[in-house]
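S.K.: Structure file query.csv, CSV, C-alpha atoms, is pasted below:
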chain,number,residue,atom,x,y,z
A,1,MET,CA,61.0,-80.6,-17.6
A,2,LYS,CA,64.3,-79.2,-16.3
A,3,LYS,CA,66.2,-80.7,-19.3
A,4,VAL,CA,63.9,-79.1,-21.8
A,5,LEU,CA,64.1,-75.7,-20.2
A,6,LEU,CA,67.9,-76.0,-20.0
A,7,ILE,CA,68.1,-76.9,-23.7
A,8,ALA,CA,65.9,-74.0,-24.7
A,9,LEU,CA,68.0,-71.5,-22.6
A,10,PHE,CA,71.2,-73.0,-24.2
A,11,LEU,CA,69.7,-72.4,-27.7
A,12,VAL,CA,68.8,-68.8,-27.0
A,13,GLY,CA,72.2,-68.1,-25.4
A,14,GLY,CA,74.0,-69.7,-28.3
A,15,ILE,CA,72.2,-67.6,-30.8
A,16,THR,CA,72.8,-64.4,-28.8
A,17,VAL,CA,76.5,-65.0,-28.4
A,18,SER,CA,77.0,-65.9,-32.0
A,19,GLN,CA,75.8,-62.3,-33.0
A,20,ALA,CA,73.2,-63.9,-35.3
A,21,GLN,CA,69.9,-62.2,-36.2
A,22,VAL,CA,67.3,-63.8,-34.0
A,23,SER,CA,63.7,-64.6,-34.8
A,24,ALA,CA,60.9,-65.3,-32.3
A,25,GLY,CA,57.4,-66.4,-32.9
A,26,ILE,CA,54.4,-68.4,-32.0
A,27,ASN,CA,52.8,-71.2,-34.1
A,28,PHE,CA,49.3,-72.3,-33.5
A,29,GLN,CA,49.2,-75.9,-34.8
A,30,ASN,CA,46.3,-78.3,-34.8
A,31,THR,CA,48.2,-80.5,-32.3
A,32,ARG,CA,49.7,-77.9,-29.9
A,33,THR,CA,51.1,-74.3,-29.7
A,34,PHE,CA,54.8,-73.7,-30.3
A,35,ILE,CA,56.9,-70.8,-29.0
A,36,THR,CA,59.8,-70.5,-31.4
A,37,VAL,CA,63.3,-69.0,-31.3
A,38,GLY,CA,65.6,-69.3,-34.3
A,39,THR,CA,68.1,-67.8,-36.7
A,40,ASP,CA,67.3,-65.3,-39.4
A,41,PRO,CA,64.5,-66.9,-41.5
A,42,ASP,CA,65.5,-64.8,-44.6
A,43,LYS,CA,68.8,-66.8,-45.0
A,44,GLU,CA,69.0,-69.7,-47.3
A,45,PHE,CA,69.5,-72.1,-44.4
A,46,PHE,CA,68.0,-71.4,-40.9
A,47,GLY,CA,67.4,-73.2,-37.7
A,48,GLU,CA,64.7,-73.0,-35.0
A,49,GLY,CA,64.1,-74.4,-31.5
A,50,ARG,CA,60.4,-74.9,-30.7
A,51,LEU,CA,59.0,-75.2,-27.2
A,52,GLY,CA,55.7,-77.1,-27.4
A,53,LEU,CA,52.9,-76.2,-25.0
A,54,GLY,CA,49.8,-78.1,-24.3
A,55,SER,CA,48.9,-81.0,-22.0
A,56,ASN,CA,52.7,-81.8,-21.9
A,57,ILE,CA,55.7,-79.6,-22.6
A,58,GLY,CA,58.3,-80.7,-25.1
A,59,LEU,CA,61.0,-79.5,-27.5
A,60,GLU,CA,61.4,-79.6,-31.3
A,61,LEU,CA,64.5,-78.7,-33.2
A,62,MET,CA,64.1,-77.8,-36.9
A,63,GLY,CA,66.4,-77.0,-39.7
A,64,GLY,CA,65.0,-75.4,-42.8
A,65,TYR,CA,65.9,-74.5,-46.4
A,66,ASN,CA,64.3,-71.5,-48.2
A,67,PHE,CA,63.8,-72.5,-51.8
A,68,VAL,CA,62.0,-69.2,-52.4
A,69,ARG,CA,63.6,-66.1,-50.9
A,70,LYS,CA,62.0,-62.8,-51.8
A,71,SER,CA,61.5,-59.6,-49.8
A,72,GLU,CA,57.7,-60.3,-49.4
A,73,VAL,CA,57.7,-64.1,-49.0
A,74,ASN,CA,59.8,-67.1,-48.2
A,75,ALA,CA,58.9,-70.7,-48.9
A,76,TYR,CA,60.7,-73.4,-47.1
A,77,VAL,CA,61.0,-77.1,-46.4
A,78,GLY,CA,62.8,-78.6,-43.4
A,79,ALA,CA,63.5,-81.5,-41.1
A,80,ALA,CA,62.6,-81.6,-37.4
A,81,LEU,CA,63.2,-83.9,-34.5
A,82,GLY,CA,60.8,-83.8,-31.6
A,83,LEU,CA,61.4,-84.9,-28.0
A,84,PHE,CA,57.8,-85.4,-27.1
A,85,GLY,CA,54.7,-87.1,-28.4
A,86,ASP,CA,51.3,-85.9,-29.6
A,87,TYR,CA,49.5,-86.3,-26.3
A,88,ASN,CA,46.3,-84.5,-27.4
A,89,ARG,CA,45.6,-86.7,-30.4
A,90,ASN,CA,44.5,-89.9,-28.7
A,91,LYS,CA,43.5,-89.7,-25.1
A,92,ASP,CA,43.1,-93.5,-24.7
A,93,TYR,CA,46.7,-94.2,-25.5
A,94,ASP,CA,49.2,-94.4,-22.6
A,95,HIS,CA,52.0,-92.1,-23.8
A,96,ASP,CA,55.5,-92.4,-22.6
A,97,ASP,CA,58.2,-90.0,-23.8
A,98,ASP,CA,58.0,-90.0,-27.5
A,99,VAL,CA,60.5,-89.1,-30.3
A,100,TYR,CA,59.2,-88.1,-33.7
A,101,PHE,CA,60.5,-86.9,-37.1
A,102,ALA,CA,58.7,-84.3,-39.1
A,103,ILE,CA,59.1,-82.6,-42.5
A,104,PRO,CA,57.7,-79.1,-42.1
A,105,PHE,CA,57.0,-77.1,-45.2
A,106,GLY,CA,55.6,-73.6,-45.1
A,107,VAL,CA,55.4,-70.0,-46.3
A,108,LEU,CA,56.4,-66.9,-44.4
A,109,ILE,CA,54.6,-63.8,-45.7
A,110,LYS,CA,56.0,-60.4,-44.8
A,111,PRO,CA,53.4,-57.8,-46.0
A,112,PHE,CA,54.7,-54.7,-44.1
A,113,SER,CA,57.5,-52.4,-45.3
A,114,THR,CA,59.9,-53.2,-42.4
A,115,LYS,CA,60.0,-57.0,-43.3
A,116,ASN,CA,60.7,-57.8,-39.7
A,117,PHE,CA,57.2,-59.1,-39.0
A,118,GLY,CA,55.6,-62.0,-40.9
A,119,PHE,CA,52.7,-64.4,-41.0
A,120,LEU,CA,53.4,-68.1,-41.1
A,121,ILE,CA,51.5,-70.9,-42.7
A,122,GLU,CA,53.0,-74.4,-42.1
A,123,ALA,CA,52.1,-78.1,-42.5
A,124,ALA,CA,54.2,-81.1,-41.6
A,125,PRO,CA,53.8,-84.9,-41.9
A,126,VAL,CA,54.9,-86.3,-38.5
A,127,PHE,CA,56.3,-89.8,-38.1
A,128,ALA,CA,56.1,-90.8,-34.4
A,129,SER,CA,57.8,-93.7,-32.8
A,130,ASN,CA,55.0,-94.8,-30.4
A,131,HIS,CA,51.9,-94.3,-32.6
A,132,ASP,CA,50.6,-93.6,-36.1
A,133,SER,CA,51.9,-90.9,-38.4
A,134,TYR,CA,49.7,-87.9,-39.0
A,135,LEU,CA,49.7,-84.5,-40.7
A,136,ARG,CA,49.8,-81.3,-38.6
A,137,GLY,CA,49.2,-77.8,-39.8
A,138,GLY,CA,48.7,-74.3,-38.6
A,139,ILE,CA,49.4,-70.6,-38.7
A,140,GLY,CA,51.6,-68.3,-36.8
A,141,PHE,CA,53.5,-65.0,-36.4
A,142,LYS,CA,57.3,-64.4,-36.6
A,143,TYR,CA,59.4,-61.4,-35.7
A,144,THR,CA,63.1,-61.0,-36.7
A,145,PHE,CA,65.3,-58.8,-34.5
A,146,ARG,CA,67.7,-57.0,-36.8
Show me this structure written as structure tokens.
M.R.:
Amino acid sequence: MKKVLLIALFLVGGITVSQAQVSAGINFQNTRTFITVGTDPDKEFFGEGRLGLGSNIGLELMGGYNFVRKSEVNAYVGAALGLFGDYNRNKDYDHDDDVYFAIPFGVLIKPFSTKNFGFLIEAAPVFASNHDSYLRGGIGFKYTFR
């Protein structure tokens, strides 16, 4: 728990020191809720740290590529590495610390004139080390501090 919190604080501090535009958001996925902190989601390449909440706390690091970049909408695909398992999916399974790889793809819709706030729709196939692969999906909100 302390390691995850330390890594999350390091990510936030690194982004702040680098003078990058920072985004923050919340994603409501079918497996858990993520609190996110990342770089500017309007750039061609962006990164994000995700703190997963639920029955267990964990961390996911994601790098993304915007293949559609417009003022009203971004469409992206990425790669993510998670440092925890999907503990809510199968309660009969004895879960140890799990590592997984995911391929998130999604759309960030910015309907307001400021373009700082957006709605997020995302899905990701997840390939876990200790149990079967699955597809997660959800919605969220993201705000970019400019």
S.K.: Write out as JSON, numbers by chain the residues lying within 8 Å of Tyr76 of chain A, counting all atoms listed in the file and excluding same-chain residues fewer than 3 positions away.
M.R.: {"A": [64, 65, 66, 67, 68, 105, 106, 107]}
S.K.: For atom CA of Leu83 of chain A and atom CA of Glu44 of chain A, quote the distance in Å rounded to one decimal.
M.R.: 25.7 Å
S.K.: When distances are computed from all atoms listed in the file, which of A:Gly25, A:Thr36, A:Pro125, A:Arg146 shows the smallest separation from Pro104 of chain A?
M.R.: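 Once distances to Pro104 of chain A are computed over all atoms listed in the file, the minimum belongs to A:Pro125.
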S.K.: Would you mind listing what lies within 7 Å of Leu53 of chain A as a tab-separated table (two decimals) with C-alpha atoms, in the frame of the given file, with all atoms listed in the file counted and same-chain residues fewer than 3 positions away left out?
M.R.:
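This went into out.tsv:
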chain	number	residue	atom	x	y	z
A	32	ARG	CA	49.70	-77.90	-29.90
A	33	THR	CA	51.10	-74.30	-29.70
A	34	PHE	CA	54.80	-73.70	-30.30
A	56	ASN	CA	52.70	-81.80	-21.90
A	57	ILE	CA	55.70	-79.60	-22.60
S.K.: So how many Å separate atom CA of Phe101 of chain A and atom CA of Ser129 of chain A, to one decimal?
M.R.: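 It comes out at 8.5 Å.
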S.K.: I'd like the neighbourhood of Gly138 of chain A as a list in words, where a residue qualifies if any of its atoms comes within 10 Å (using only C-alpha atoms), though same-chain residues fewer than 6 positions away should be ignored.
M.R.: Asn27, Phe28, Gln29, Asn30, Thr31, Arg32, Thr33, Gly106, Leu120, Ile121, Glu122, Ala123 and Ala124 of chain A
S.K.: Env of Lys43 of chain A: 12 Å cut, atoms = all atoms listed in the file, seq-sep filter 2 positions within chain, self excluded. Answer as a PyMOL selection string.
M.R.: chain A and resi 20-23+38-41+45-47+63-71+74-76+144
S.K.: Quick one: write out the picked residues with C-alpha atoms as a PDB file, in the frame of the given file?
M.R.:
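Contents of the output file again.pdb:
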ATOM      1  CA  ALA A  20      73.200 -63.900 -35.300  1.00  0.00           C
ATOM      2  CA  GLN A  21      69.900 -62.200 -36.200  1.00  0.00           C
ATOM      3  CA  VAL A  22      67.300 -63.800 -34.000  1.00  0.00           C
ATOM      4  CA  SER A  23      63.700 -64.600 -34.800  1.00  0.00           C
ATOM      5  CA  GLY A  38      65.600 -69.300 -34.300  1.00  0.00           C
ATOM      6  CA  THR A  39      68.100 -67.800 -36.700  1.00  0.00           C
ATOM      7  CA  ASP A  40      67.300 -65.300 -39.400  1.00  0.00           C
ATOM      8  CA  PRO A  41      64.500 -66.900 -41.500  1.00  0.00           C
ATOM      9  CA  PHE A  45      69.500 -72.100 -44.400  1.00  0.00           C
ATOM     10  CA  PHE A  46      68.000 -71.400 -40.900  1.00  0.00           C
ATOM     11  CA  GLY A  47      67.400 -73.200 -37.700  1.00  0.00           C
ATOM     12  CA  GLY A  63      66.400 -77.000 -39.700  1.00  0.00           C
ATOM     13  CA  GLY A  64      65.000 -75.400 -42.800  1.00  0.00           C
ATOM     14  CA  TYR A  65      65.900 -74.500 -46.400  1.00  0.00           C
ATOM     15  CA  ASN A  66      64.300 -71.500 -48.200  1.00  0.00           C
ATOM     16  CA  PHE A  67      63.800 -72.500 -51.800  1.00  0.00           C
ATOM     17  CA  VAL A  68      62.000 -69.200 -52.400  1.00  0.00           C
ATOM     18  CA  ARG A  69      63.600 -66.100 -50.900  1.00  0.00           C
ATOM     19  CA  LYS A  70      62.000 -62.800 -51.800  1.00  0.00           C
ATOM     20  CA  SER A  71      61.500 -59.600 -49.800  1.00  0.00           C
ATOM     21  CA  ASN A  74      59.800 -67.100 -48.200  1.00  0.00           C
ATOM     22  CA  ALA A  75      58.900 -70.700 -48.900  1.00  0.00           C
ATOM     23  CA  TYR A  76      60.700 -73.400 -47.100  1.00  0.00           C
ATOM     24  CA  THR A 144      63.100 -61.000 -36.700  1.00  0.00           C
TER      25      THR A 144
END
